[in-house]
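Everything below concerns the one structure shown next.
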Amino acid sequence: MILKPTLINTAIVSSLLLATHPSEAQDKPIADIERLVVNGILPSRIETVGGSFDTLEEEYIKARRPLSINEQLRTMPGIMVVADGSMSFDLNIGIRGQNPRRSAKAMVMEDGMPLQLAPYTDPVNHYATPSTSITRVEVVKGAGQILYGPQTLAGAVNFVTKPVSRNGDIVGSLTSRFGNQDFRGLHGSIGFGNASGGVVLDVSQSKGGGIFENSDFDMKDYRIKGEYNLSESQVIGLKVVHTHDRRNQTENYLTRDEYATDPYSHPTVALDKWQQDRDVVQLTHKFEINNNVTLSSQAYYTDIFRNGLRGSNSGREVDGIWESRLRNCDAIGDNNGDGNITVSDVEGSDINLCGGRHAPRQYFTWGAESRADFGHSIFGLENDAIMGVRFHKEKVHRQQVYATTTAQRLDYQLALVEGDDIEGERFDAYALSYYAQNTTYIDNWALTAGFRFEDVRTRNTDDFSTDSASDNYTKFLPSLSVAYNGIKNTTFFAGVHKGISPSRADRDLDASGARAVPEESTLYEVGMRSHYADGIRLSAALFHNDIENTIVDNGATFDNSGESEQQGVELSGRINFGEIYNQASNFYISAAYTNLWTAKYIKASNPDNDGNRMQYAPKQLFNLDIGYEHASGIDGRIGVQHVGEQFVDDENTVLESGNGIEGLIPSYTIWNATLNYTIPNSRVTLFSSVENLFDKTYLVSRNEGKLAGRERLFFGGITFDF
């Protein structure tokens with residue numbers, strides 16, 4: 001991976017310019033400088049935030065022992081997670097009724113850096129930060145999300161990775177996990193730091209069998225973080241991440257009849273392959289000029305390659321039975337004479353003679369951002385202000401080619417030379433974003449006004465023709481919110497902001513160059529959060545979102561399908577009885593509930609869809625955890641998750657199609673449990689966890705056929721902290 005000169009120059013110039021004025025800084029102990037690597041998106045005075053937000057802290061993540069961060073995200077109100085991909089590791093987040101497909105309509109970040117492959121032209125996710133590397137998850141759904149973009153329709157999610165220790169000791173941990181379905185997991189971290197700086201190395205691996213039989217996966221994540229104090233007021237940081245992801249994963253799912261026979265068996269999963277390699281560099285600089293002014297800068301670069309090989313396509317009917325259709329399997333031929341080569345055609349033959357469809361894609365993104373946080377006074381009133389600018393570029397090369405031989409199926413580069421129907425498109429994007437926000441404090445009130453301005457230019461071109469399309473637009477996104485803190489440990493808030501979801505480049509480019517325009521939203525919310533009584537935390541939010549030019553995925557194109565609205569309520573809370581009764585041990589109840597009573601089209605481009613429910617937007621979401629933490633080091637938890645029924649198309653089709661793509665997804669309820677034991681006077685913790693406790697078979701997606709949620713998975717392990 002080669003860093004672009006633009007990124008290096010920006011980072012070096014930013015750091016040097018800021019480093020040349022140490023005389024302006026007041027003396028400040030190094031211990032007071034925040035760890036630069038803990039790059040959160042919530043302000044330090046969270047009680048004054050005039051909008052809804054939720055967090056997951058490291059202690060709770062550890063106690064929950066999630067297989068991936070998806071299990072934790074489901075416990076947060078307003079978030080719908082579709083368990084897609086091998087072992088449901090892929091990140092599919094929908095916030096407040098937005099389609100969760102590949103998290104394309106949520107702003108997803110790691111340490112404040114965009115995590116999506118290409119946020120402006122192809123804002124999808126095939127990666128989630130390992131839960132073992134996360135110290136905090138932040139979800140901002142109110143007006144404050146306009147500080148982060150470009151996705152500002154419904155919410156921003158930030159994964160904060162573990163900080164560099166600065167206590168002068170070598171610190172770290174080692175965790176080993178193992179379970180059924182050949183599941184194995186390993187995580188290790190080691191770091192050292194002192195008053196001058198520090199470094200931490202973090203390595204994780206998960207491997208085993210996927211949702212389908214023989215759909216093995218092996219995912220490795222390597223990361224190193226360091227920071228160094230240039231002076232008593234300045235600190236620089238570096239994070240480098242490499243991800244190596246290999247899976248026998250199909251993106252084509254089961255027909256109605258295949259699912260009925262065995263929902264965990266796929267006819268071509270042994271042929272299907274998924275690979276992804278990610279290289280990420282993030283440079284950061286923080287300069288505390290004085291007690292009132294802090295300048296923060298970051299520069300980032302990502303180099304991501306992925307290829308998905310599919311050996312099958314959506315189903316076809318053969319003698320009254322719907323079967324998966326095989327891609328490029330002329331070597332076996334149409335033995336049943338129905339005009340398609342389907343699964344029954346290869347009975348008694350070697351399926352390895354078949355070809356498949358490769359989809360190699362390369363993504364490069366880089367950018368730089370500088371932000372000033374400062375306090376000031378106007379008319380005798382205290383204020384906190386934020387001003388920033390971000391430059392972002394991305395280049396994408398999407399290709400598709402059909403392998404006609406076994407050799408081409410095994411080597412996508414050979415297929416690109418010798419295969420059939422080769423396609424290629426290139427996307428380029430340039431975006432300049434400005435944002436500002438000011439909070440004024442008046443007695444128990446905090447009034448916050450802000451805006452985000454997006455100047456976006458995109459272009460996509462065809463590799464094999466003169467076809468091209470460009471899209472240039474500017475968007476001004478204002479926000480206004482108010483918070484009241486006149487009651488002890490309690491905040492009432494209300495806010496409104498404009499948001500967008502950028503128009504995405506079509507998968508298939510034609511000479512007309514027609515494309516969708518960005519979605520635009522106006523989100524209103526009111527709510528409260530309270531820790532008034534010891535041991536009891538509660539929050540509630542009522543929201544209403546009006547969206548123009550709603551974008552839907554129609555396969556080859558992304559089209560505007562009219563106006564829509566989402567409206568509902570979010571409730572969450574936790575009761576710690578040990579804190580209430582001042583006991584060393586603690587019995588607790590934690591719950592989150594979302595009622596999305598409205599998620600519909602009101603002025604659809606197709607009038608027949610007016611009033612229909614939106615895709616993958618269940619009305620009811622509920623999560624409940626009941627647990628007990630004993631002073632001896634034992635803590636246990638049992639939890640339940642409920643997801644209401646979902647429609648998967650704008651027509652709200654209820655009757656199931658033979659290929660499994662259309663039809664209702666019924667509601668489902670899943671149980672899970674965790675048990676931890678920290679051995680007294682040691683640094684060893686033993687744990688066990690189970691997902692889908694009662695081994696329920698349930699449907700989670702119809703994106704390209706029927707996909708079941710994973711079977712019961714139980715695993716145990718050991719953690720040693722040092």
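Numbering starts fresh at 1 for the residues of each chain in the structure tokens, the chains themselves are lettered A, B, ... in the order given, and ligands are numbered from 1 as they appear.
By chain and then residue number, the residues within 6 Å of range 199-216 of chain A are A:Ser86, A:Met87, A:Val164, A:Gln181, A:Asp182, A:Phe183, A:Arg184, A:Gly185, A:Leu186, A:His187, A:Gly188, A:Ser189, A:Ile190, A:Gly191, A:Phe192, A:Tyr222, A:Arg223, A:Ile224, A:Lys225, A:Gly226, A:Arg247, A:Asn248, A:Gln249, A:Tyr264, A:Ser265, A:Arg710, counting only C-alpha atoms and disregarding those fewer than 6 positions away in sequence.
Counting only C-alpha atoms, Thr284 in chain A has the following residues at most 7 Å away, ignoring those fewer than 4 positions along the same chain: Ile236, Gly237, Leu238, Ser297, Gln298 and Ala299 of chain A.
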Write the residues of the selection above to a file with N, CA and C atoms, as a PDB file, in the first residue's frame.
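Contents of selection.pdb, as written:
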```
ATOM      1  N   ILE A 236       0.734  13.675  19.053  1.00  0.00           N
ATOM      2  CA  ILE A 236       0.426  13.118  17.744  1.00  0.00           C
ATOM      3  C   ILE A 236       0.151  11.626  17.903  1.00  0.00           C
ATOM      4  N   GLY A 237      -0.629  11.075  16.984  1.00  0.00           N
ATOM      5  CA  GLY A 237      -0.982   9.663  17.049  1.00  0.00           C
ATOM      6  C   GLY A 237      -0.960   9.026  15.682  1.00  0.00           C
ATOM      7  N   LEU A 238      -0.747   7.725  15.673  1.00  0.00           N
ATOM      8  CA  LEU A 238      -0.736   6.945  14.445  1.00  0.00           C
ATOM      9  C   LEU A 238      -1.452   5.626  14.709  1.00  0.00           C
ATOM     10  N   SER A 297      -6.639  17.533  14.494  1.00  0.00           N
ATOM     11  CA  SER A 297      -6.539  17.235  13.064  1.00  0.00           C
ATOM     12  C   SER A 297      -6.374  15.742  12.878  1.00  0.00           C
ATOM     13  N   GLN A 298      -6.881  15.252  11.755  1.00  0.00           N
ATOM     14  CA  GLN A 298      -6.640  13.874  11.381  1.00  0.00           C
ATOM     15  C   GLN A 298      -6.466  13.792   9.873  1.00  0.00           C
ATOM     16  N   ALA A 299      -5.680  12.826   9.446  1.00  0.00           N
ATOM     17  CA  ALA A 299      -5.545  12.496   8.039  1.00  0.00           C
ATOM     18  C   ALA A 299      -5.655  10.981   7.939  1.00  0.00           C
TER      19      ALA A 299
END
```
From A:Thr302, A:Thr674, A:Asn659, A:Thr405, residue lying nearest Arg316 in chain A [only C-alpha atoms]
A:Asn659
Near Thr458 in chain A, within 10 Å and counting only C-alpha atoms, which residues show up once chain neighbours fewer than 4 positions away are dropped, as a list in words?
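The filter keeps Tyr120, Thr121, Lys393, Glu394, Lys395, Phe427, Asp428, Ala429, Tyr430, Ala431, Ala469, Ser470, Asp471, Asn472, Tyr473, Ser503, Arg504 and Ala505 of chain A.
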Which residue is closest to Arg702 in chain A? Choose from A:Glu418, A:Glu651, A:Glu251, A:Asp411 and count only C-alpha atoms.
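Of all the options, A:Glu251 lies closest to Arg702 in chain A.
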Give me, please, the distance in Å between CA of Pro263 in chain A and CA of His244 in chain A, quoted to one decimal.
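We find that CA of Pro263 in chain A and CA of His244 in chain A lie 28.3 Å from each other.
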List as an mmCIF file with C-alpha atoms, in the first residue's frame the protein and nucleic acid residues near range 70-85 of chain A, meaning an atom at most 6 Å away when only C-alpha atoms are counted, but skip any in the same chain fewer than 5 places from it.
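Produced file around.cif, reproduced below:
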```
data_model
loop_
_atom_site.group_PDB
_atom_site.id
_atom_site.type_symbol
_atom_site.label_atom_id
_atom_site.label_comp_id
_atom_site.auth_asym_id
_atom_site.auth_seq_id
_atom_site.Cartn_x
_atom_site.Cartn_y
_atom_site.Cartn_z
ATOM 1 C CA ASP A 90 -21.188 -8.147 8.302
ATOM 2 C CA ASN A 92 -26.031 -4.151 8.458
ATOM 3 C CA ILE A 93 -27.349 -1.280 10.584
ATOM 4 C CA GLY A 94 -30.651 0.492 10.035
ATOM 5 C CA ILE A 95 -31.458 3.429 12.317
ATOM 6 C CA ARG A 96 -35.046 4.594 12.876
ATOM 7 C CA GLU A 570 -37.421 4.846 21.791
ATOM 8 C CA ALA A 592 -34.432 -1.154 25.158
ATOM 9 C CA TYR A 593 -37.663 -0.800 23.201
ATOM 10 C CA THR A 594 -38.465 0.841 19.878
ATOM 11 C CA ASN A 623 -34.173 -6.258 23.969
#
```
